[in-house]
Amino acid sequence: MIDISVYKNWGSFTLDVALHHQGGILGILGASGCGKSKTLQCVAGIETPDDGHISVGGKIFFDRKRGVDVPVARRRVGYLFQHYALFPNMTVEENIRCGVRSSTRDLARKQVTSMMERMRLTGLETLKPAELSGGQQQRVALARILVNEPDILLLDEPFSALDSYLKEKVIAELKALLAEFPKDVILVTHSRDEAYQLCHSIAVLDDGRVSAVGPTKELFANPQSRAAAVLTGCKNIVSARKSGPESVFIPDWQVTLHTGGRPVGDDLCAVGIRAHAFHGGEGVNSLPVVITEEIEQPFEWIVKFRYPRQSLATSDIWWRFAKPDRPDILPDRLTLRGDDILLLYR
Amino acid sequence: MDWYPLWNSLRIAAIACVIVFFSGIALAYYVARLPRILKGILDVVLTLPLVLPPTVCGWLLLLVFGLQHPVGIALNEAGVRFVMTWYGGVLASAVVAFPLMYRTARGAFESFDETLAWSGKTLGLSDTFIFWHIRMPYCKQGIIAGTVLAFARALGEYGATSMLIGYIPKHTATISTTVYQLWRTNDEYSAFIWVLVNIAISAVVLMTVNLFEKRSRERRRPA
């Protein structure tokens, strides 16, 4: 169980984050500079908040009011740094041995050997970190952390240092590894794909604050806030206002869309429409469009279009579909299911 | 031929180098952690001997440790006299060579990747272990370079040394003060020998530095 409530002011940036999480993997999704790594550093004790409290699995790490601030070395956090922070002067084996807590030398050696086997590092004992591939470096860093028997895992952008072709494989490996880890995990990332694949629930951070939070699938289906819609990969986000109990008006596009039975709140500020949501068939939101650009990608087409009365200062709208779905002639009307309109309130 | 100046110079330089090694590293490490203003002031004070003429350093040392001044008098009564003694040469050389060690060590520490220290802490490693097994090896290049420079500077020290300990044959004579003395007394031949000795030592020091640099370059080359 994780209970975090931290406040810290750096002058130009303020972090004000409250998170509660019950078991499993919590993702913190945010753009760079939103404070997601800083939050992780507060949990580890690298940053000291000005105010608030942090507890993990019932253990209090920090509590301003009670004057508790457990030193980093006694928090037992397994912190996977962005570039893994392996000690460059030590071999793989020496690096992992740094994580061992056992007092006797025999036991320590046994633990290192079995952890190296488990992480498929056998044979690399005498190599230095610089001689390893990115995936191997990450496995060494994880081995060093797991052999340390942490109470919580903190993963800071674990895949950003990897080549894209390696990434998928390493994500799958990490997913399997995390499934065996019985305690809490916090994963910080800017990638919606990583968050979606690995996390049970997600908190979206925007400019130092939590702007949306929820179970992963719910959050992707209903991102609640503009920041969350952007970070979950929504391409078309535009200001909107309520125009009826179940309809919204978009001034930039000069169109009214119907939500298909979903009630619209009075405080609606924007809507998001995923690029995959448009289609050529008939329906309630079928409107004429003007196609402006077609972009061919390896497996998809991106077609950009505008509504006829759309104001000139606004950007084109994105429509994406798989290559086999391309009709011979692109339609001059596009339809949108009411369920596919994301209603955003912040 | 009296080889005392060679032995005395090496002894002074070696001891000064050891003192400067530890004090330079310790101060570089702690000054980097001070608040900005205090850091700025200390940085100027600690680097001053590098830019001041050595004779000014010598004069300042005499002001403190001279036998007409309170500190010097007190130390003299306690049996420690830095004026006209060989270990006064250690003091003079150490003061002049200190900034070279301090600045190179500080540069090396500043280039250290602090996340390595943090990752050590999250693993429960002690600060002492992190300092000696992670920070120091990481900064090894800069520290070795600083040590060699400090040694070379201490070995060649003339100005402050001659003011504090003068030139007493078989007592405070160093290579540099001997060369000056021999030149002054028109002993061209002996002066020439000492010049050759000095050039030889300097060449060995520089070759050692180059060797280290070459080796570290080779080690850094990716496998």
# chains A, B, ... in the order shown; residues from 1 in each chain; ligands from 1
>>> residues_around(residues="Arg135 in chain B", least_positions_apart="3", cutoff="9 Å", atoms="only C-alpha atoms", output="VMD selection string")
chain B and resid 109 112 to 114 116 to 117 130 to 132 138 to 140
>>> interface_residues(of="chain A", to="chain B", cutoff="7 Å", atoms="only C-alpha atoms", output="list in words")
Val72, Ala73, Arg74, Arg76, Val77, Gly78, Tyr79, Ala85, Phe87, Asn89, Gly99, Glu131 and Asn148 of chain A
>>> write_last_selection(atoms="N, CA and C atoms", output="mmCIF file, in the first residue's frame")
data_model
loop_
_atom_site.group_PDB
_atom_site.id
_atom_site.type_symbol
_atom_site.label_atom_id
_atom_site.label_comp_id
_atom_site.auth_asym_id
_atom_site.auth_seq_id
_atom_site.Cartn_x
_atom_site.Cartn_y
_atom_site.Cartn_z
ATOM 1 N N VAL A 72 17.729 7.729 3.287
ATOM 2 C CA VAL A 72 17.616 6.941 2.048
ATOM 3 C C VAL A 72 18.048 5.486 2.272
ATOM 4 N N ALA A 73 19.192 5.313 2.920
ATOM 5 C CA ALA A 73 19.778 3.984 3.028
ATOM 6 C C ALA A 73 18.919 3.038 3.875
ATOM 7 N N ARG A 74 18.002 3.575 4.675
ATOM 8 C CA ARG A 74 17.185 2.689 5.507
ATOM 9 C C ARG A 74 15.740 2.568 5.026
ATOM 10 N N ARG A 76 14.822 1.060 2.193
ATOM 11 C CA ARG A 76 14.686 -0.185 1.428
ATOM 12 C C ARG A 76 13.822 0.008 0.185
ATOM 13 N N VAL A 77 14.218 1.003 -0.630
ATOM 14 C CA VAL A 77 13.541 1.180 -1.910
ATOM 15 C C VAL A 77 14.453 0.648 -3.011
ATOM 16 N N GLY A 78 13.868 -0.059 -3.951
ATOM 17 C CA GLY A 78 14.633 -0.516 -5.111
ATOM 18 C C GLY A 78 14.430 0.505 -6.213
ATOM 19 N N TYR A 79 15.424 1.353 -6.425
ATOM 20 C CA TYR A 79 15.283 2.471 -7.366
ATOM 21 C C TYR A 79 16.017 2.137 -8.657
ATOM 22 N N ALA A 85 22.409 3.601 -13.548
ATOM 23 C CA ALA A 85 23.366 3.959 -12.495
ATOM 24 C C ALA A 85 24.191 2.768 -12.023
ATOM 25 N N PHE A 87 27.672 0.955 -11.319
ATOM 26 C CA PHE A 87 28.961 1.531 -10.950
ATOM 27 C C PHE A 87 29.977 1.172 -12.029
ATOM 28 N N ASN A 89 33.134 1.401 -12.482
ATOM 29 C CA ASN A 89 34.445 0.837 -12.167
ATOM 30 C C ASN A 89 34.358 -0.603 -11.695
ATOM 31 N N GLY A 99 24.484 -5.001 -3.776
ATOM 32 C CA GLY A 99 23.107 -5.021 -3.290
ATOM 33 C C GLY A 99 22.852 -6.039 -2.202
ATOM 34 N N GLU A 131 30.571 -2.576 -21.237
ATOM 35 C CA GLU A 131 30.714 -3.609 -22.264
ATOM 36 C C GLU A 131 29.404 -4.360 -22.519
ATOM 37 N N ASN A 148 18.730 -6.992 -3.202
ATOM 38 C CA ASN A 148 18.692 -6.092 -2.047
ATOM 39 C C ASN A 148 17.384 -6.241 -1.240
#
>>> residues_around(residues="Gln82 in chain A", least_positions_apart="4", cutoff="9 Å", atoms="only C-alpha atoms", output="NGL selection string")
:A and (155-161)
>>> write_last_selection(atoms="C-alpha atoms", output="mmCIF file, in the first residue's frame")
data_model
loop_
_atom_site.group_PDB
_atom_site.id
_atom_site.type_symbol
_atom_site.label_atom_id
_atom_site.label_comp_id
_atom_site.auth_asym_id
_atom_site.auth_seq_id
_atom_site.Cartn_x
_atom_site.Cartn_y
_atom_site.Cartn_z
ATOM 1 C CA LEU A 155 11.206 2.444 -11.870
ATOM 2 C CA ASP A 156 12.208 5.743 -13.468
ATOM 3 C CA GLU A 157 11.681 5.658 -17.254
ATOM 4 C CA PRO A 158 13.065 2.114 -17.413
ATOM 5 C CA PHE A 159 12.992 1.860 -21.221
ATOM 6 C CA SER A 160 14.090 5.323 -22.326
ATOM 7 C CA ALA A 161 17.744 4.264 -22.627
#
>>> select_by_dssp(residues="range 76-136 of chain A", states="strand (DSSP E or B)", output="list in words")
Val77, Gly78, Tyr79 and Leu80 of chain A
>>> write_last_selection(atoms="C-alpha atoms", output="short mmCIF file (atom, residue, chain, number, x, y, z; two decimals), in the first residue's frame")
data_model
loop_
_atom_site.label_atom_id
_atom_site.label_comp_id
_atom_site.auth_asym_id
_atom_site.auth_seq_id
_atom_site.Cartn_x
_atom_site.Cartn_y
_atom_site.Cartn_z
CA VAL A 77 13.54 1.18 -1.91
CA GLY A 78 14.63 -0.52 -5.11
CA TYR A 79 15.28 2.47 -7.37
CA LEU A 80 15.89 1.73 -11.03
#
>>> select_by_dssp(residues="range 58-212 of chain B", states="alpha helix (DSSP H)", output="PyMOL selection string")
chain B and resi 58-65+70-77+86-110+114-122+127-130+136-138+140-156+159-165+175-184+188-212
>>> residues_around(residues="range 2-8 of chain A", least_positions_apart="6", cutoff="7 Å", atoms="only C-alpha atoms", output="compact mmCIF listing (two decimals) with C-alpha atoms, in the first residue's frame")
# COMPACT_ATOMS: atom_id res chain seq x y z
CA THR A 14 5.84 23.48 -7.43
CA LEU A 15 5.14 19.82 -6.78
CA ASP A 16 1.83 19.11 -5.08
CA VAL A 17 0.97 15.45 -5.44
CA ALA A 18 -1.33 13.15 -3.51
CA LEU A 19 -1.51 9.47 -4.44
CA HIS A 20 -3.09 6.45 -2.79
CA HIS A 21 -2.49 3.06 -4.21
CA GLN A 22 -3.51 -0.40 -3.11
CA PRO A 49 9.42 17.59 0.57
CA ASP A 50 8.59 20.89 2.28
CA ASP A 51 5.43 19.34 3.65
CA GLY A 52 3.38 16.16 3.57
CA HIS A 53 3.79 12.51 4.38
CA ILE A 54 4.91 9.34 2.61
CA SER A 55 4.23 5.80 3.72
CA VAL A 56 4.86 2.53 1.92
CA GLY A 57 3.41 -0.79 3.03
>>> residues_around(residues="Leu198 in chain A", least_positions_apart="2", cutoff="9 Å", atoms="only C-alpha atoms", output="MDAnalysis selection string")
chainID A and resid 25:27 171:172 174:175 178 187 193:196 200
>>> write_last_selection(atoms="N, CA and C atoms", output="CSV table (one decimal), in the first residue's frame")
chain,number,residue,atom,x,y,z
A,25,ILE,N,0.9,-2.4,-9.7
A,25,ILE,CA,1.8,-1.5,-10.4
A,25,ILE,C,1.1,-0.2,-10.6
A,26,LEU,N,1.6,0.9,-10.0
A,26,LEU,CA,1.1,2.2,-10.2
A,26,LEU,C,1.9,3.0,-11.3
A,27,GLY,N,1.3,3.4,-12.3
A,27,GLY,CA,2.1,4.2,-13.3
A,27,GLY,C,1.9,5.7,-13.1
A,171,ILE,N,10.2,-4.9,-22.4
A,171,ILE,CA,9.0,-4.6,-21.7
A,171,ILE,C,8.3,-5.9,-21.3
A,172,ALA,N,8.3,-6.9,-22.2
A,172,ALA,CA,7.7,-8.2,-21.9
A,172,ALA,C,8.4,-8.9,-20.8
A,174,LEU,N,10.2,-7.5,-18.4
A,174,LEU,CA,10.0,-6.8,-17.1
A,174,LEU,C,8.6,-7.1,-16.6
A,175,LYS,N,7.6,-7.2,-17.5
A,175,LYS,CA,6.3,-7.5,-17.1
A,175,LYS,C,6.2,-8.9,-16.4
A,178,LEU,N,7.9,-8.4,-12.9
A,178,LEU,CA,7.1,-7.7,-12.0
A,178,LEU,C,5.9,-8.5,-11.5
A,187,LEU,N,5.9,3.0,-11.4
A,187,LEU,CA,6.6,3.1,-12.7
A,187,LEU,C,6.4,4.5,-13.3
A,193,ASP,N,2.2,3.7,-24.2
A,193,ASP,CA,2.2,2.3,-24.5
A,193,ASP,C,2.8,1.5,-23.3
A,194,GLU,N,3.9,2.0,-22.7
A,194,GLU,CA,4.5,1.4,-21.6
A,194,GLU,C,3.6,1.3,-20.4
A,195,ALA,N,2.9,2.5,-20.1
A,195,ALA,CA,2.0,2.6,-19.0
A,195,ALA,C,0.8,1.6,-19.2
A,196,TYR,N,0.3,1.6,-20.4
A,196,TYR,CA,-0.9,0.7,-20.7
A,196,TYR,C,-0.5,-0.8,-20.5
A,200,HIS,N,-1.4,-1.3,-13.5
A,200,HIS,CA,-2.7,-1.6,-13.1
A,200,HIS,C,-3.6,-0.4,-13.0
>>> residues_around(residues="Thr174 in chain B", least_positions_apart="6", cutoff="9 Å", atoms="only C-alpha atoms", output="PyMOL selection string")
chain B and resi 4-10+12+86+89+155+158+161+167
>>> write_last_selection(atoms="C-alpha atoms", output="PDB file, in the first residue's frame")
ATOM      1  CA  TYR B   4      71.866  16.086  -0.095  1.00  0.00           C
ATOM      2  CA  PRO B   5      69.736  18.614  -2.108  1.00  0.00           C
ATOM      3  CA  LEU B   6      68.296  15.752  -4.230  1.00  0.00           C
ATOM      4  CA  TRP B   7      67.308  13.736  -1.176  1.00  0.00           C
ATOM      5  CA  ASN B   8      65.975  16.837   0.597  1.00  0.00           C
ATOM      6  CA  SER B   9      63.960  17.979  -2.430  1.00  0.00           C
ATOM      7  CA  LEU B  10      62.411  14.533  -2.937  1.00  0.00           C
ATOM      8  CA  ILE B  12      60.008  17.712   0.896  1.00  0.00           C
ATOM      9  CA  TRP B  86      63.798  21.355   6.160  1.00  0.00           C
ATOM     10  CA  GLY B  89      60.171  23.594   3.168  1.00  0.00           C
ATOM     11  CA  LEU B 155      59.572  19.722  -6.290  1.00  0.00           C
ATOM     12  CA  TYR B 158      61.726  28.117  -5.095  1.00  0.00           C
ATOM     13  CA  THR B 161      60.853  28.006   0.129  1.00  0.00           C
ATOM     14  CA  TYR B 167      69.785  28.024   1.874  1.00  0.00           C
TER      15      TYR B 167
END
>>> residues_around(residues="Ile193 in chain B", least_positions_apart="4", cutoff="12 Å", atoms="only C-alpha atoms", output="ChimeraX atom specification")
/B:1-3,6,175,178-179,182-183,187-189,197-200
>>> write_last_selection(atoms="N, CA and C atoms", output="CSV table (one decimal), in the first residue's frame")
chain,number,residue,atom,x,y,z
B,1,MET,N,80.8,15.3,-5.0
B,1,MET,CA,79.4,15.8,-5.2
B,1,MET,C,78.6,15.5,-4.0
B,2,ASP,N,77.9,16.5,-3.5
B,2,ASP,CA,77.0,16.3,-2.4
B,2,ASP,C,75.6,16.2,-2.9
B,3,TRP,N,75.0,15.0,-2.7
B,3,TRP,CA,73.7,14.7,-3.2
B,3,TRP,C,72.5,15.1,-2.2
B,6,LEU,N,69.2,16.7,-3.5
B,6,LEU,CA,68.3,15.8,-4.2
B,6,LEU,C,67.4,15.0,-3.2
B,175,ILE,N,67.1,21.3,-4.5
B,175,ILE,CA,67.7,21.4,-5.9
B,175,ILE,C,67.6,22.8,-6.4
B,178,THR,N,69.8,25.2,-4.6
B,178,THR,CA,71.2,24.9,-4.9
B,178,THR,C,71.6,25.5,-6.2
B,179,VAL,N,70.7,25.3,-7.2
B,179,VAL,CA,71.1,25.8,-8.6
B,179,VAL,C,71.3,27.3,-8.5
B,182,LEU,N,74.7,27.9,-6.7
B,182,LEU,CA,75.8,27.6,-7.5
B,182,LEU,C,76.1,28.6,-8.7
B,183,TRP,N,74.9,29.0,-9.3
B,183,TRP,CA,75.1,30.0,-10.3
B,183,TRP,C,75.6,31.3,-9.8
B,187,ASP,N,79.8,28.6,-10.0
B,187,ASP,CA,80.1,27.1,-10.2
B,187,ASP,C,79.3,26.5,-11.3
B,188,GLU,N,79.6,27.0,-12.6
B,188,GLU,CA,78.8,26.6,-13.7
B,188,GLU,C,78.7,25.1,-13.9
B,189,TYR,N,79.7,24.3,-13.6
B,189,TYR,CA,79.7,22.9,-13.8
B,189,TYR,C,78.7,22.2,-12.9
B,197,VAL,N,69.8,16.9,-13.5
B,197,VAL,CA,69.1,16.1,-12.6
B,197,VAL,C,67.6,16.5,-12.6
B,198,ASN,N,67.4,17.9,-12.5
B,198,ASN,CA,66.1,18.4,-12.4
B,198,ASN,C,65.3,18.1,-13.7
B,199,ILE,N,65.9,18.2,-14.9
B,199,ILE,CA,65.2,17.9,-16.1
B,199,ILE,C,64.9,16.5,-16.2
B,200,ALA,N,65.8,15.6,-15.7
B,200,ALA,CA,65.5,14.1,-15.7
B,200,ALA,C,64.3,13.8,-14.8
